[in-house]
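Q: Below is the structure I would like to discuss, written out as structure tokens.
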Amino acid sequence: MNIDLAAVLTKFQNISPGAFIKLDISIEGGSFGIFVEDGHGNQGIVTVPATPAPQDQIAWHQQGGISHRTLIHFPTALLRPALSSAAVPGSAAGVPLVCVGNKAFVAGQQDRHHREYFNIDTGKAEKVALIDAVLFTEWAVGHVVDGKFEGIYRYPLPGTS
């Protein structure tokens, strides 16, 4: 028998920055994130909200305590912004998807006052000129199967609007 699983079970050290992953698989629902690397070569994950609680809708840049975990890596994952949700900076606080030119970034909060931007293609930290940015308040990650988009994760989570 064959299995059609568009994911790989792996360890943290076996994936590259920019990868979309599911972690905390022992917790109901788990959590999702993007594997990133800051400007100093430190690796981490920008975790996206895992619960529909409105106060938890911030993407956090997490470092440490993750290297020993088994992860589910989605190597063919595709991020699809909802074009109707485009917003200008300042109008949508806490939104983690930022596009500038032909680049897309995930914004990870380091604490309540500091945010770092990571290029989604490379997973590497970059400076972002928000004056030229467009934010997307709604987006999904998934796969294209038989010509149809099948979602893995949706932001914001249902029940938070």
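Just so we're on the same page: first chain in the structure tokens is A, next is B, and so on; residues restart at 1 for each chain, and ligands are numbered from 1 in the order they show up.
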Mind dumping a table of every segment 14-41 of chain A residue within 12 Å of segment 139-157 of chain A, with the nearest atom pair and its distance in Å to one decimal, using only C-alpha atoms, sorted by chain and rising number, as JSON lines?

A:
{"residue": "A:Ala19", "atom": "CA", "partner": "A:Val141", "partner_atom": "CA", "distance": 11.6}
{"residue": "A:Phe20", "atom": "CA", "partner": "A:Val141", "partner_atom": "CA", "distance": 8.5}
{"residue": "A:Ile21", "atom": "CA", "partner": "A:Ile152", "partner_atom": "CA", "distance": 10.2}
{"residue": "A:Lys22", "atom": "CA", "partner": "A:Ile152", "partner_atom": "CA", "distance": 9.6}
{"residue": "A:Gly29", "atom": "CA", "partner": "A:Tyr153", "partner_atom": "CA", "distance": 10.9}
{"residue": "A:Gly30", "atom": "CA", "partner": "A:Tyr153", "partner_atom": "CA", "distance": 11.2}
{"residue": "A:Ser31", "atom": "CA", "partner": "A:Tyr153", "partner_atom": "CA", "distance": 9.5}
{"residue": "A:Phe32", "atom": "CA", "partner": "A:Tyr153", "partner_atom": "CA", "distance": 7.7}
{"residue": "A:Gly33", "atom": "CA", "partner": "A:Tyr153", "partner_atom": "CA", "distance": 9.8}
{"residue": "A:Ile34", "atom": "CA", "partner": "A:Val141", "partner_atom": "CA", "distance": 10.9}

Q: List every residue of segment 5-153 of chain A that DSSP, applied to the backbone of this structure, places in helix (DSSP H, G or I), and write the result as a list in words.

A: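 Here are the helix (DSSP H, G or I) residues of segment 5-153 of chain A: Phe12, Gln13, Asn14, Pro54, Gln55, Asp56, Leu83, Ser84, Ser85, Leu130, Ile131 and Asp132 of chain A.
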
Q: At a cut-off of 9 Å, using only C-alpha atoms, what residues contact Asp132 of chain A? Leave out same-chain residues fewer than 4 positions from it and give the result as a CSV table (one decimal) with C-alpha atoms, in the first residue's frame.

A:
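Contents of part_26.csv, freshly written:
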chain,number,residue,atom,x,y,z
A,88,VAL,CA,-1.6,49.4,4.4
A,89,PRO,CA,0.8,49.5,7.3
A,99,CYS,CA,4.8,42.0,1.1
A,100,VAL,CA,7.3,44.5,-0.4
A,101,GLY,CA,7.9,44.4,-4.2
A,128,VAL,CA,11.8,45.9,5.6

Q: From the set A:Val8, A:Ile15, A:Ala59, A:Ile131, which residue has the shortest atom-to-atom contact distance to Val106 of chain A, counting only C-alpha atoms?

A: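 With only C-alpha atoms as the atom set, the closest residue is A:Ala59.
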
Q: Mind pulling up the distance from atom CA of Thr76 of chain A to atom CA of Asp38 of chain A?

A: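 These two atoms are separated by 23.1 Å.
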
Q: Could you pull out all residues of segment 22-107 of chain A with a DSSP call of strand (DSSP E or B) and give them as an MDAnalysis selection string?

A: chainID A and resid 22:23 31:37 43:48 60:62 70:73 78:81 86:87 97:100 103:107

Q: Could you please take those selected residues and save C-alpha atoms as a PDB file, in the first residue's frame?

A:
ATOM      1  CA  LYS A  22       4.006  21.750  12.270  1.00  0.00           C
ATOM      2  CA  LEU A  23       5.401  21.348  15.757  1.00  0.00           C
ATOM      3  CA  SER A  31       1.116  24.609  16.215  1.00  0.00           C
ATOM      4  CA  PHE A  32       2.553  25.761  12.905  1.00  0.00           C
ATOM      5  CA  GLY A  33       5.449  27.949  11.931  1.00  0.00           C
ATOM      6  CA  ILE A  34       8.166  28.931   9.509  1.00  0.00           C
ATOM      7  CA  PHE A  35      11.749  27.906  10.213  1.00  0.00           C
ATOM      8  CA  VAL A  36      13.899  31.075  10.207  1.00  0.00           C
ATOM      9  CA  GLU A  37      17.399  32.380  10.784  1.00  0.00           C
ATOM     10  CA  GLN A  43      17.902  29.535  14.038  1.00  0.00           C
ATOM     11  CA  GLY A  44      14.340  29.599  15.299  1.00  0.00           C
ATOM     12  CA  ILE A  45      10.711  29.439  14.302  1.00  0.00           C
ATOM     13  CA  VAL A  46       8.134  32.128  13.728  1.00  0.00           C
ATOM     14  CA  THR A  47       5.153  30.381  15.249  1.00  0.00           C
ATOM     15  CA  VAL A  48       1.739  31.384  13.997  1.00  0.00           C
ATOM     16  CA  TRP A  60       6.134  34.983  17.795  1.00  0.00           C
ATOM     17  CA  HIS A  61       9.812  34.540  16.922  1.00  0.00           C
ATOM     18  CA  GLN A  62      10.823  31.593  19.094  1.00  0.00           C
ATOM     19  CA  THR A  70      10.100  15.871  15.887  1.00  0.00           C
ATOM     20  CA  LEU A  71       8.546  18.136  13.278  1.00  0.00           C
ATOM     21  CA  ILE A  72       6.234  17.677  10.354  1.00  0.00           C
ATOM     22  CA  HIS A  73       7.818  19.461   7.383  1.00  0.00           C
ATOM     23  CA  LEU A  78       2.367  27.137  -0.800  1.00  0.00           C
ATOM     24  CA  LEU A  79       1.390  30.391   0.959  1.00  0.00           C
ATOM     25  CA  ARG A  80      -1.610  32.064  -0.670  1.00  0.00           C
ATOM     26  CA  PRO A  81      -2.626  35.567   0.499  1.00  0.00           C
ATOM     27  CA  ALA A  86      -4.690  43.764   1.469  1.00  0.00           C
ATOM     28  CA  ALA A  87      -4.090  46.599   3.943  1.00  0.00           C
ATOM     29  CA  LEU A  97       2.346  38.653   6.389  1.00  0.00           C
ATOM     30  CA  VAL A  98       4.071  41.625   4.770  1.00  0.00           C
ATOM     31  CA  CYS A  99       4.822  42.008   1.058  1.00  0.00           C
ATOM     32  CA  VAL A 100       7.279  44.487  -0.424  1.00  0.00           C
ATOM     33  CA  LYS A 103       9.243  39.566  -1.697  1.00  0.00           C
ATOM     34  CA  ALA A 104       7.034  38.243   1.093  1.00  0.00           C
ATOM     35  CA  PHE A 105       7.966  38.360   4.759  1.00  0.00           C
ATOM     36  CA  VAL A 106       6.658  36.861   7.957  1.00  0.00           C
ATOM     37  CA  ALA A 107       6.914  39.190  10.935  1.00  0.00           C
TER      38      ALA A 107
END

Q: Could you tell me which of A:Thr137, A:Arg69, A:Ala7, A:Gly64 comes closest to Leu83 of chain A if we count only C-alpha atoms?

A: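 Checking each candidate against Leu83 of chain A, we get A:Thr137 as the closest.
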
Q: Please report the interatomic distance between atom CA of His113 of chain A and atom CA of Leu135 of chain A in Å with one decimal.

A: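 Computed distance, atom CA of His113 of chain A to atom CA of Leu135 of chain A, equals 18.6 Å.
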
Q: Could you check how far atom CA of His40 of chain A sits from atom CA of Lys124 of chain A, in Å to one decimal?

A: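 Answer for the atom CA of His40 of chain A to atom CA of Lys124 of chain A separation: 9.9 Å.
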